[in-house]
Structure formats: structure tokens, C-alpha cells
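Asker: Structure supplied as start20.cif; contents: mmCIF, N, CA and C atoms.
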data_start
#
loop_
_atom_site.label_atom_id
_atom_site.label_comp_id
_atom_site.auth_asym_id
_atom_site.auth_seq_id
_atom_site.Cartn_x
_atom_site.Cartn_y
_atom_site.Cartn_z
N MET A 30 51.68 4.09 12.15
CA MET A 30 50.76 5.07 11.64
C MET A 30 49.78 5.44 12.75
N LYS A 31 49.58 6.74 12.96
CA LYS A 31 48.66 7.21 13.99
C LYS A 31 47.34 7.62 13.36
N PHE A 32 46.25 7.33 14.06
CA PHE A 32 44.93 7.73 13.61
C PHE A 32 44.34 8.67 14.64
N SER A 33 43.61 9.66 14.15
CA SER A 33 42.91 10.55 15.06
C SER A 33 41.64 9.85 15.54
N LEU A 34 41.06 10.34 16.59
CA LEU A 34 39.80 9.80 17.10
C LEU A 34 38.72 9.88 16.03
N ALA A 35 38.69 10.99 15.28
CA ALA A 35 37.68 11.16 14.23
C ALA A 35 37.85 10.10 13.14
N THR A 36 39.10 9.78 12.78
CA THR A 36 39.35 8.76 11.77
C THR A 36 38.90 7.39 12.28
N ALA A 37 39.22 7.09 13.53
CA ALA A 37 38.82 5.80 14.11
C ALA A 37 37.30 5.66 14.14
N VAL A 38 36.60 6.72 14.53
CA VAL A 38 35.15 6.70 14.57
C VAL A 38 34.59 6.52 13.16
N SER A 39 35.20 7.17 12.17
CA SER A 39 34.75 7.04 10.78
C SER A 39 34.86 5.60 10.30
N PHE A 40 35.96 4.91 10.65
CA PHE A 40 36.12 3.51 10.28
C PHE A 40 35.06 2.64 10.95
N ILE A 41 34.78 2.92 12.20
CA ILE A 41 33.77 2.13 12.93
C ILE A 41 32.39 2.34 12.31
N VAL A 42 32.04 3.58 12.03
CA VAL A 42 30.73 3.89 11.45
C VAL A 42 30.62 3.27 10.06
N ALA A 43 31.67 3.37 9.25
CA ALA A 43 31.64 2.80 7.91
C ALA A 43 31.53 1.29 7.97
N GLY A 44 32.20 0.67 8.91
CA GLY A 44 32.15 -0.79 9.06
C GLY A 44 30.83 -1.28 9.59
N ALA A 45 30.09 -0.42 10.29
CA ALA A 45 28.81 -0.83 10.86
C ALA A 45 27.83 -1.24 9.78
N GLY A 46 27.96 -0.69 8.59
CA GLY A 46 27.07 -1.05 7.49
C GLY A 46 27.25 -2.48 7.03
N PHE A 47 28.38 -3.09 7.38
CA PHE A 47 28.65 -4.46 6.97
C PHE A 47 28.21 -5.48 8.01
N VAL A 48 27.74 -5.02 9.15
CA VAL A 48 27.30 -5.92 10.21
C VAL A 48 25.92 -6.44 9.86
N ASN A 49 25.73 -7.74 9.94
CA ASN A 49 24.45 -8.36 9.62
C ASN A 49 23.60 -8.43 10.88
N ALA A 50 22.43 -7.80 10.86
CA ALA A 50 21.57 -7.77 12.04
C ALA A 50 20.76 -9.04 12.22
N ALA A 51 20.72 -9.90 11.22
CA ALA A 51 19.94 -11.13 11.31
C ALA A 51 20.58 -12.08 12.29
N PRO A 52 19.80 -12.77 13.08
CA PRO A 52 20.36 -13.78 13.97
C PRO A 52 21.13 -14.81 13.16
N SER A 53 22.26 -15.25 13.70
CA SER A 53 23.11 -16.18 12.96
C SER A 53 22.39 -17.49 12.67
N GLU A 54 21.52 -17.94 13.56
CA GLU A 54 20.78 -19.19 13.32
C GLU A 54 19.89 -19.06 12.10
N ALA A 55 19.25 -17.90 11.95
CA ALA A 55 18.36 -17.71 10.80
C ALA A 55 19.15 -17.77 9.51
N MET A 56 20.31 -17.17 9.47
CA MET A 56 21.11 -17.16 8.26
C MET A 56 21.76 -18.52 8.02
N ALA A 57 22.08 -19.26 9.06
CA ALA A 57 22.69 -20.57 8.91
C ALA A 57 21.74 -21.55 8.23
N ASN A 58 20.44 -21.30 8.36
CA ASN A 58 19.44 -22.19 7.77
C ASN A 58 18.95 -21.69 6.42
N SER A 59 19.62 -20.71 5.85
CA SER A 59 19.14 -20.12 4.61
C SER A 59 20.29 -19.83 3.66
N ASN A 60 20.07 -20.04 2.38
CA ASN A 60 21.04 -19.68 1.37
C ASN A 60 20.68 -18.35 0.74
N ASP A 61 19.61 -17.73 1.19
CA ASP A 61 19.15 -16.47 0.64
C ASP A 61 20.01 -15.32 1.15
N THR A 62 20.13 -14.28 0.35
CA THR A 62 20.79 -13.08 0.79
C THR A 62 19.76 -12.21 1.49
N MET A 63 20.24 -11.33 2.36
CA MET A 63 19.35 -10.46 3.11
C MET A 63 18.70 -9.45 2.18
N ALA A 64 17.42 -9.30 2.28
CA ALA A 64 16.67 -8.30 1.53
C ALA A 64 15.51 -7.86 2.42
N ALA A 65 15.03 -6.68 2.17
CA ALA A 65 13.89 -6.18 2.95
C ALA A 65 12.66 -7.03 2.68
N ALA A 66 11.95 -7.34 3.73
CA ALA A 66 10.71 -8.11 3.60
C ALA A 66 9.70 -7.28 2.79
N PRO A 67 8.93 -7.93 1.90
CA PRO A 67 7.94 -7.20 1.11
C PRO A 67 6.86 -6.54 1.95
N TYR A 68 6.59 -7.08 3.12
CA TYR A 68 5.63 -6.47 4.04
C TYR A 68 5.99 -6.89 5.46
N GLY A 69 5.61 -6.04 6.40
CA GLY A 69 5.88 -6.32 7.80
C GLY A 69 4.81 -7.22 8.40
N ILE A 70 5.17 -7.84 9.49
CA ILE A 70 4.25 -8.69 10.25
C ILE A 70 4.22 -8.18 11.68
N ASN A 71 3.02 -7.98 12.20
CA ASN A 71 2.85 -7.59 13.58
C ASN A 71 2.43 -8.80 14.40
N LEU A 72 2.91 -8.86 15.62
CA LEU A 72 2.54 -9.92 16.56
C LEU A 72 1.85 -9.27 17.75
N GLY A 73 0.89 -9.96 18.31
CA GLY A 73 0.18 -9.42 19.46
C GLY A 73 -0.53 -10.51 20.22
N GLU A 74 -1.35 -10.07 21.16
CA GLU A 74 -2.09 -11.01 22.02
C GLU A 74 -3.55 -10.59 22.10
N THR A 75 -4.39 -11.62 22.12
CA THR A 75 -5.79 -11.43 22.47
C THR A 75 -5.94 -11.97 23.89
N PHE A 76 -7.15 -12.07 24.35
CA PHE A 76 -7.37 -12.61 25.70
C PHE A 76 -6.84 -14.04 25.81
N ASN A 77 -6.94 -14.83 24.73
CA ASN A 77 -6.57 -16.24 24.79
C ASN A 77 -5.41 -16.67 23.89
N ASN A 78 -4.98 -15.82 22.93
CA ASN A 78 -4.06 -16.28 21.90
C ASN A 78 -2.94 -15.30 21.58
N VAL A 79 -1.86 -15.85 21.02
CA VAL A 79 -0.83 -15.06 20.34
C VAL A 79 -1.27 -15.01 18.88
N VAL A 80 -1.31 -13.82 18.29
CA VAL A 80 -1.82 -13.65 16.94
C VAL A 80 -0.82 -12.88 16.07
N ALA A 81 -1.00 -12.98 14.76
CA ALA A 81 -0.18 -12.25 13.80
C ALA A 81 -1.09 -11.65 12.73
N TRP A 82 -0.65 -10.54 12.13
CA TRP A 82 -1.38 -9.93 11.02
C TRP A 82 -0.39 -9.10 10.21
N VAL A 83 -0.76 -8.80 8.98
CA VAL A 83 0.08 -8.01 8.09
C VAL A 83 0.08 -6.56 8.55
N ASP A 84 1.28 -6.00 8.70
CA ASP A 84 1.41 -4.61 9.10
C ASP A 84 0.67 -3.71 8.11
N GLY A 85 -0.08 -2.77 8.64
CA GLY A 85 -0.84 -1.85 7.81
C GLY A 85 -2.26 -2.31 7.56
N GLN A 86 -2.56 -3.57 7.86
CA GLN A 86 -3.92 -4.08 7.73
C GLN A 86 -4.57 -4.08 9.10
N SER A 87 -5.85 -4.25 9.14
CA SER A 87 -6.61 -4.25 10.39
C SER A 87 -6.17 -5.40 11.29
N LYS A 88 -6.08 -5.11 12.58
CA LYS A 88 -5.80 -6.16 13.56
C LYS A 88 -6.92 -7.20 13.58
N CYS A 89 -8.08 -6.82 13.08
CA CYS A 89 -9.20 -7.76 13.02
C CYS A 89 -8.92 -8.89 12.04
N ASN A 90 -7.96 -8.71 11.13
CA ASN A 90 -7.59 -9.74 10.15
C ASN A 90 -6.48 -10.63 10.66
N ASN A 91 -6.39 -10.80 11.97
CA ASN A 91 -5.31 -11.60 12.55
C ASN A 91 -5.54 -13.09 12.38
N VAL A 92 -4.43 -13.84 12.48
CA VAL A 92 -4.50 -15.31 12.51
C VAL A 92 -3.89 -15.77 13.84
N VAL A 93 -4.41 -16.84 14.37
CA VAL A 93 -3.91 -17.39 15.63
C VAL A 93 -2.62 -18.15 15.37
N VAL A 94 -1.59 -17.83 16.15
CA VAL A 94 -0.31 -18.54 16.07
C VAL A 94 -0.27 -19.64 17.13
N ALA A 95 -0.63 -19.28 18.35
CA ALA A 95 -0.58 -20.24 19.47
C ALA A 95 -1.47 -19.74 20.59
N ALA A 96 -1.76 -20.62 21.52
CA ALA A 96 -2.50 -20.23 22.71
C ALA A 96 -1.61 -19.32 23.56
N LYS A 97 -2.23 -18.32 24.19
CA LYS A 97 -1.50 -17.41 25.07
C LYS A 97 -0.83 -18.22 26.18
N ASN A 98 0.33 -17.77 26.61
CA ASN A 98 1.12 -18.42 27.67
C ASN A 98 1.70 -19.76 27.24
N THR A 99 1.78 -20.01 25.92
CA THR A 99 2.50 -21.17 25.41
C THR A 99 3.60 -20.64 24.49
N ASN A 100 4.54 -21.48 24.12
CA ASN A 100 5.65 -21.09 23.26
C ASN A 100 5.16 -20.98 21.81
N PRO A 101 5.18 -19.77 21.22
CA PRO A 101 4.71 -19.61 19.83
C PRO A 101 5.78 -19.91 18.77
N CYS A 102 6.99 -20.25 19.20
CA CYS A 102 8.06 -20.49 18.23
C CYS A 102 7.89 -21.80 17.48
N ASN A 103 8.31 -21.77 16.21
CA ASN A 103 8.29 -22.94 15.32
C ASN A 103 6.91 -23.47 15.00
N ILE A 104 5.88 -22.67 15.21
CA ILE A 104 4.51 -23.06 14.85
C ILE A 104 4.14 -22.33 13.56
N PRO A 105 3.86 -23.06 12.49
CA PRO A 105 3.53 -22.40 11.22
C PRO A 105 2.20 -21.63 11.29
N PHE A 106 2.20 -20.45 10.67
CA PHE A 106 0.98 -19.68 10.48
C PHE A 106 1.03 -19.05 9.10
N SER A 107 -0.12 -18.73 8.53
CA SER A 107 -0.18 -18.22 7.16
C SER A 107 -0.73 -16.80 7.10
N LEU A 108 -0.07 -15.98 6.29
CA LEU A 108 -0.51 -14.62 5.99
C LEU A 108 -0.23 -14.35 4.52
N ASN A 109 -1.17 -13.74 3.83
CA ASN A 109 -1.00 -13.38 2.42
C ASN A 109 -0.52 -14.56 1.57
N GLY A 110 -0.97 -15.77 1.88
CA GLY A 110 -0.59 -16.93 1.09
C GLY A 110 0.79 -17.48 1.38
N ASN A 111 1.49 -16.93 2.36
CA ASN A 111 2.82 -17.42 2.75
C ASN A 111 2.76 -18.06 4.13
N THR A 112 3.63 -19.02 4.37
CA THR A 112 3.72 -19.67 5.67
C THR A 112 4.93 -19.13 6.41
N PHE A 113 4.74 -18.78 7.68
CA PHE A 113 5.78 -18.19 8.51
C PHE A 113 5.92 -18.95 9.82
N LYS A 114 7.04 -18.71 10.51
CA LYS A 114 7.26 -19.19 11.87
C LYS A 114 7.98 -18.11 12.66
N ILE A 115 7.62 -17.98 13.92
CA ILE A 115 8.34 -17.12 14.84
C ILE A 115 9.55 -17.92 15.33
N GLN A 116 10.70 -17.28 15.41
CA GLN A 116 11.92 -17.92 15.90
C GLN A 116 12.53 -17.06 17.01
N GLY A 117 13.39 -17.66 17.82
CA GLY A 117 14.15 -16.91 18.81
C GLY A 117 13.50 -16.75 20.16
N CYS A 118 12.48 -17.54 20.48
CA CYS A 118 11.83 -17.41 21.78
C CYS A 118 12.87 -17.58 22.89
N GLY A 119 12.80 -16.72 23.87
CA GLY A 119 13.79 -16.71 24.94
C GLY A 119 14.86 -15.66 24.69
N GLY A 120 14.79 -14.97 23.56
CA GLY A 120 15.74 -13.92 23.20
C GLY A 120 15.12 -13.04 22.14
N PRO A 121 15.94 -12.37 21.33
CA PRO A 121 15.39 -11.55 20.24
C PRO A 121 14.61 -12.41 19.25
N LEU A 122 13.45 -11.92 18.82
CA LEU A 122 12.60 -12.67 17.90
C LEU A 122 12.89 -12.29 16.45
N TRP A 123 12.66 -13.26 15.54
CA TRP A 123 12.69 -13.00 14.11
C TRP A 123 11.68 -13.94 13.47
N ILE A 124 11.36 -13.66 12.20
CA ILE A 124 10.38 -14.44 11.45
C ILE A 124 11.10 -15.16 10.30
N THR A 125 10.75 -16.45 10.12
CA THR A 125 11.22 -17.18 8.94
C THR A 125 10.02 -17.53 8.08
N GLN A 126 10.30 -17.79 6.80
CA GLN A 126 9.23 -18.05 5.84
C GLN A 126 9.49 -19.36 5.11
N GLY A 127 8.42 -20.12 4.92
CA GLY A 127 8.48 -21.34 4.12
C GLY A 127 9.09 -22.53 4.83
N SER A 128 9.08 -23.67 4.14
CA SER A 128 9.60 -24.91 4.73
C SER A 128 11.11 -24.87 4.93
N GLY A 129 11.80 -24.01 4.17
CA GLY A 129 13.25 -23.88 4.32
C GLY A 129 13.65 -22.90 5.40
N ASN A 130 12.65 -22.33 6.08
CA ASN A 130 12.90 -21.34 7.14
C ASN A 130 13.80 -20.21 6.68
N SER A 131 13.52 -19.66 5.50
CA SER A 131 14.27 -18.51 4.99
C SER A 131 13.99 -17.29 5.87
N PHE A 132 15.04 -16.56 6.20
CA PHE A 132 14.89 -15.36 7.02
C PHE A 132 13.92 -14.39 6.35
N TRP A 133 12.96 -13.87 7.12
CA TRP A 133 11.99 -12.88 6.62
C TRP A 133 12.26 -11.52 7.24
N ALA A 134 12.29 -11.44 8.59
CA ALA A 134 12.44 -10.14 9.24
C ALA A 134 12.82 -10.30 10.71
N ASN A 135 13.55 -9.31 11.22
CA ASN A 135 13.79 -9.20 12.65
C ASN A 135 12.58 -8.54 13.29
N CYS A 136 12.35 -8.82 14.57
CA CYS A 136 11.22 -8.25 15.29
C CYS A 136 11.72 -7.35 16.42
N GLY A 137 11.01 -6.28 16.65
CA GLY A 137 11.30 -5.39 17.76
C GLY A 137 10.03 -5.12 18.54
N SER A 138 10.20 -4.83 19.83
CA SER A 138 9.04 -4.50 20.67
C SER A 138 8.30 -3.33 20.07
N PHE A 139 6.99 -3.39 20.13
CA PHE A 139 6.16 -2.36 19.50
C PHE A 139 4.85 -2.26 20.24
N SER A 140 4.39 -1.06 20.44
CA SER A 140 3.12 -0.85 21.12
C SER A 140 2.31 0.19 20.35
N GLU A 141 1.06 -0.09 20.17
CA GLU A 141 0.13 0.85 19.54
C GLU A 141 -1.24 0.62 20.15
N GLY A 142 -2.16 1.47 19.85
CA GLY A 142 -3.50 1.35 20.41
C GLY A 142 -4.14 0.00 20.12
N ASP A 143 -4.83 -0.54 21.10
CA ASP A 143 -5.53 -1.81 20.94
C ASP A 143 -6.75 -1.64 20.04
N ALA A 144 -7.03 -2.70 19.27
CA ALA A 144 -8.22 -2.72 18.42
C ALA A 144 -8.63 -4.17 18.23
N CYS A 145 -9.90 -4.41 18.06
CA CYS A 145 -10.44 -5.76 17.82
C CYS A 145 -9.99 -6.75 18.89
N GLY A 146 -9.78 -6.26 20.10
CA GLY A 146 -9.36 -7.14 21.18
C GLY A 146 -7.91 -7.59 21.08
N VAL A 147 -7.08 -6.91 20.26
CA VAL A 147 -5.69 -7.29 20.06
C VAL A 147 -4.77 -6.22 20.62
N HIS A 148 -3.78 -6.64 21.41
CA HIS A 148 -2.74 -5.78 21.94
C HIS A 148 -1.45 -6.10 21.19
N THR A 149 -0.88 -5.13 20.48
CA THR A 149 0.36 -5.33 19.72
C THR A 149 1.55 -5.44 20.66
N THR A 150 2.43 -6.43 20.39
CA THR A 150 3.63 -6.61 21.18
C THR A 150 4.91 -6.48 20.37
N TYR A 151 4.89 -6.90 19.08
CA TYR A 151 6.08 -6.84 18.22
C TYR A 151 5.73 -6.40 16.80
N HIS A 152 6.71 -5.76 16.18
CA HIS A 152 6.65 -5.40 14.76
C HIS A 152 7.86 -6.04 14.09
N CYS A 153 7.64 -6.80 13.03
CA CYS A 153 8.72 -7.50 12.35
C CYS A 153 8.82 -6.99 10.92
N LEU A 154 9.97 -6.38 10.60
CA LEU A 154 10.18 -5.82 9.27
C LEU A 154 11.64 -5.86 8.92
#
Go ahead and express the file in the form of C-alpha cells.
Answerer:
Amino acid sequence: MKFSLATAVSFIVAGAGFVNAAPSEAMANSNDTMAAAPYGINLGETFNNVVAWVDGQSKCNNVVVAAKNTNPCNIPFSLNGNTFKIQGCGGPLWITQGSGNSFWANCGSFSEGDACGVHTTYHCL
């Protein structure tokens, strides 16, 4: 059976919807199915710290994750009554939630205007 280029591309595009963008390590540690995070988390830096805050809220409401120039991965921090950890240091970042490290969101590089002494580096949603 012969396929045209358009048919082959259609199969590839249709199959792309089945590809899981979550890091395999995050999913290996979770029995949860993938769902959109209820809110995004932004990561950034102050003069001395790596900080996090809820996307859409003021950067002034940030919490310290770790000292700047140290590894911020696997250090618990709390936002909106939930505990999170940054994962994937040394490669693509993602956020896990709770003691079971359930996948929360993938992170991508992000830049926006500085405020409250915070420079945004990642957006996780």
C-alpha cells in the first residue's frame, strides 16, 4: 500500500497528540493521569535567592526555594497551601506536588519585566 506525503504527515500530526510531554521520571513516580495544573507557577531570582510565586499574582508574594547559585531541585516550597518541588535540574525543568511527587507542570524559559527585585526565569503550567 502506498501513502502520499500528505497522508504520512496527517498520521504524524494525529499521532503527536498521543505523545506525553511530561518527563518520564515524573510520570514513573506518579499514578496520576496528566491533567492541566489548576494554576501556573513562576520561578525567578532575586539578588540572593531562587524564588517561586503563583502565576498571575504579584512577584512580591514570592517564597524562597533556595539560595542563588545552589541546586534548587528536590527542595520543598509551599504555595497556595500546596507543597511543591522543582525537578530536572541539569535539563528541562518540571514541578512535582506533594510527598508522592505527583507531576504538576512542565516549565519553559520565560522572561517578563522585573518587579519587587525579582527576575522571572521560568513559567510552569
Asker: Residues near Asn71 of chain A, anyone? I mean within 12 Å using only C-alpha atoms, not counting same-chain ones fewer than 6 positions away, as a count of residues only.
Answerer: 35
Asker: My list of candidates is A:Phe132, A:Asp143, A:Cys89, A:Gln126. Which is closest to Asn111 of chain A when distances are computed with all atoms listed in the file?
Answerer: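 Using all atoms listed in the file, Asn111 of chain A sits closest to A:Gln126.
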Asker: To one decimal place, how far is atom C of Leu72 of chain A from atom C of Gly117 of chain A in Å?
Answerer: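 Separating atom C of Leu72 of chain A from atom C of Gly117 of chain A is a distance of 14.1 Å.
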Asker: To one decimal place in Å, what is the distance between atom CA of Asn130 of chain A and atom CA of Ala66 of chain A?
Answerer: 13.9 Å
Asker: Mind giving me the straight-line distance from atom CA of Asn77 of chain A to atom CA of Val93 of chain A in Å, one decimal?
Answerer: 9.6 Å
Asker: So for segment 126-145 of chain A, what box centre and size do we get, axis-aligned, 4 Å extra on each of the six sides, every listed atom, Å to one decimal, as lines of an AutoDock Vina configuration file?
Answerer:
center_x = 2.3
center_y = -11.7
center_z = 12.6
size_x = 33.5
size_y = 34.4
size_z = 25.0
Asker: Using only C-alpha atoms, which of A:Ala96, A:Ala144, A:Cys118, A:Ala64 sits nearest Ser131 of chain A?
Answerer: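 Looking only at the distances to Ser131 of chain A, the closest residue turns out to be A:Ala64.
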